[in-house]
Amino acid sequence: MLTIRKSQDRGTASFGWLRSQHTFSFGHYYDPAHMNVGPLRVINEDRVAPGRGFDPHSHKNMEIISYVLDGALEHKDSMGTGSVLHYGDVQRMSAGSGVTHSEYNGSKTEPVHFLQIWVIPSEAGGEPGYEEKHFDVDSKKGRLRLIASNDGREGSVSLRQDAAIYATILDGLDRVDHALLPGRQAYVQVARGSVTVNGVPLAAGDAVHVAEEAAVSLLDASDAEVLLFDLPQ
């Protein structure tokens, strides 16, 4: 079963310095039909103006992943962690029992464009944690590169949930296939370009929920960058 989520149907928020598109209910955007897929709770596509950002704020009981598409994302938190993320960098912050952080555009001249992803952990509480890794273009071209997993395998960042996140860059005759084991489902988010997923053509910002299928197939792509989430039902 395929459920398509078109880019233009997402929730939006615009504050001058920020333009955000919400795949799932978030902030002032509420839609009971789009709350989550399994433990996948948030996919926000954020564009932040130069020199602006999110002032210090708190989270708990959430795995927060940032996937930078363009620009520089500056992060600081109450754990003493500070860094500036660029394209190819993936950051995971486990909020655990509670953490405060800020996110700013690290450039005074260029916007930053990134995906902020929230995954509900399998257990609440625990010590907050932080991790970041870089995944270069070649590691994602024509293949599914594991970027986050429950055990940090294959050099991915670790999640406190039985979920896996893959990134891929596809073009032309490239094709990738991902088997879904019994009791698993997938969510595919197109970050840029276009691609066909299980026969459904999708453009930048579009997504599709894949349930009760044996596999996910991505092909017929044009300058596509895609995230695939393998999730428990």
# chains A, B, ... in the order shown; residues from 1 in each chain; ligands from 1
$ residues_around --residues "Gly11 of chain A" --least-positions-apart "3" --cutoff "8 Å" --atoms "only C-alpha atoms" --output "short mmCIF file (atom, residue, chain, number, x, y, z; two decimals) with C-alpha atoms, in the first residue's frame"
data_model
loop_
_atom_site.label_atom_id
_atom_site.label_comp_id
_atom_site.auth_asym_id
_atom_site.auth_seq_id
_atom_site.Cartn_x
_atom_site.Cartn_y
_atom_site.Cartn_z
CA GLN A 21 7.41 22.87 5.58
CA HIS A 22 6.06 20.22 7.94
CA THR A 23 5.42 16.66 6.77
CA PHE A 24 3.73 15.85 10.09
CA SER A 25 1.80 17.96 12.61
CA TYR A 29 0.21 23.07 12.12
#
$ residues_around --residues "segment 201-206 of chain A" --least-positions-apart "2" --cutoff "12 Å" --atoms "only C-alpha atoms" --output "PyMOL selection string"
chain A and resi 2-11+20-23+43-46+114-115+187-199+208-209+217-227
$ residues_around --residues "Glu154 of chain A" --least-positions-apart "5" --cutoff "12 Å" --atoms "only C-alpha atoms" --output "count of residues only"
12
$ closest_residue --among "A:Asp138, A:Lys60, A:Arg47, A:Met93" --to "Thr12 of chain A" --atoms "only C-alpha atoms"
A:Arg47
$ select_by_dssp --residues "segment 34-231 of chain A" --states "alpha helix (DSSP H)" --output "list in words"
Val137, Asp138, Ser139 and Lys140 of chain A
$ closest_residue --among "A:His34, A:Gly142, A:His28, A:Ala186" --to "Ser14 of chain A" --atoms "only C-alpha atoms"
A:His28
$ residues_around --residues "Tyr87 of chain A" --least-positions-apart "6" --cutoff "8 Å" --atoms "only C-alpha atoms" --output "ChimeraX atom specification"
/A:67-72
$ select_by_dssp --residues "segment 92-203 of chain A" --states "strand (DSSP E or B)" --output "number ranges by chain"
A: 92-94, 99-105, 112-119, 129-134, 141, 145-149, 157-158, 164-172, 176-179, 184-197, 200-203
$ write_last_selection --atoms "C-alpha atoms" --output "mmCIF file, in the first residue's frame"
data_model
loop_
_atom_site.group_PDB
_atom_site.id
_atom_site.type_symbol
_atom_site.label_atom_id
_atom_site.label_comp_id
_atom_site.auth_asym_id
_atom_site.auth_seq_id
_atom_site.Cartn_x
_atom_site.Cartn_y
_atom_site.Cartn_z
ATOM 1 C CA ARG A 92 22.026 13.121 16.045
ATOM 2 C CA MET A 93 21.055 14.587 19.386
ATOM 3 C CA SER A 94 19.367 12.289 21.893
ATOM 4 C CA VAL A 99 18.545 19.041 26.854
ATOM 5 C CA THR A 100 18.649 22.677 25.742
ATOM 6 C CA HIS A 101 20.084 23.663 22.378
ATOM 7 C CA SER A 102 20.163 26.397 19.765
ATOM 8 C CA GLU A 103 20.431 26.251 15.972
ATOM 9 C CA TYR A 104 21.538 29.201 13.871
ATOM 10 C CA ASN A 105 22.513 29.840 10.312
ATOM 11 C CA VAL A 112 20.889 27.330 5.259
ATOM 12 C CA HIS A 113 18.596 24.540 4.054
ATOM 13 C CA PHE A 114 18.217 21.378 6.120
ATOM 14 C CA LEU A 115 15.873 18.603 7.158
ATOM 15 C CA GLN A 116 15.110 18.284 10.852
ATOM 16 C CA ILE A 117 13.901 14.794 11.732
ATOM 17 C CA TRP A 118 12.485 13.559 15.028
ATOM 18 C CA VAL A 119 12.249 9.880 15.955
ATOM 19 C CA GLY A 129 23.749 12.352 23.904
ATOM 20 C CA TYR A 130 25.280 13.830 20.771
ATOM 21 C CA GLU A 131 26.924 12.466 17.632
ATOM 22 C CA GLU A 132 27.754 13.731 14.164
ATOM 23 C CA LYS A 133 29.280 12.133 11.076
ATOM 24 C CA HIS A 134 30.030 13.118 7.492
ATOM 25 C CA LYS A 141 25.785 7.780 -5.329
ATOM 26 C CA ARG A 145 24.012 4.604 2.444
ATOM 27 C CA LEU A 146 23.012 3.833 6.010
ATOM 28 C CA ILE A 147 23.309 7.096 7.965
ATOM 29 C CA ALA A 148 21.446 6.233 11.199
ATOM 30 C CA SER A 149 20.618 2.934 12.911
ATOM 31 C CA VAL A 157 25.038 7.541 13.802
ATOM 32 C CA SER A 158 23.188 5.615 16.485
ATOM 33 C CA ALA A 164 17.213 2.807 10.074
ATOM 34 C CA ILE A 165 17.693 5.871 7.870
ATOM 35 C CA TYR A 166 19.333 5.622 4.454
ATOM 36 C CA ALA A 167 20.418 8.392 2.075
ATOM 37 C CA THR A 168 20.946 8.015 -1.654
ATOM 38 C CA ILE A 169 21.840 10.169 -4.658
ATOM 39 C CA LEU A 170 20.366 8.890 -7.919
ATOM 40 C CA ASP A 171 20.358 9.967 -11.536
ATOM 41 C CA GLY A 172 19.566 8.489 -14.939
ATOM 42 C CA VAL A 176 18.237 0.932 -5.722
ATOM 43 C CA ASP A 177 16.020 -1.623 -3.998
ATOM 44 C CA HIS A 178 15.416 -2.100 -0.299
ATOM 45 C CA ALA A 179 13.716 -5.212 1.096
ATOM 46 C CA ARG A 184 8.393 -3.285 8.795
ATOM 47 C CA GLN A 185 7.268 -0.246 6.839
ATOM 48 C CA ALA A 186 9.082 2.515 4.986
ATOM 49 C CA TYR A 187 8.812 6.240 4.464
ATOM 50 C CA VAL A 188 10.557 7.840 1.506
ATOM 51 C CA GLN A 189 11.261 11.594 1.485
ATOM 52 C CA VAL A 190 12.585 13.268 -1.664
ATOM 53 C CA ALA A 191 15.002 16.019 -0.623
ATOM 54 C CA ARG A 192 15.672 17.243 -4.166
ATOM 55 C CA GLY A 193 15.298 16.207 -7.777
ATOM 56 C CA SER A 194 12.783 13.602 -8.878
ATOM 57 C CA VAL A 195 12.485 9.831 -8.610
ATOM 58 C CA THR A 196 9.958 7.031 -9.108
ATOM 59 C CA VAL A 197 9.191 4.965 -5.998
ATOM 60 C CA VAL A 200 4.931 6.448 -8.270
ATOM 61 C CA PRO A 201 6.732 9.534 -9.671
ATOM 62 C CA LEU A 202 7.785 11.979 -6.959
ATOM 63 C CA ALA A 203 9.382 15.430 -7.065
#
$ atom_distance --atom1 "atom CA of Glu74 of chain A" --atom2 "atom CA of Asn150 of chain A"
25.5 Å
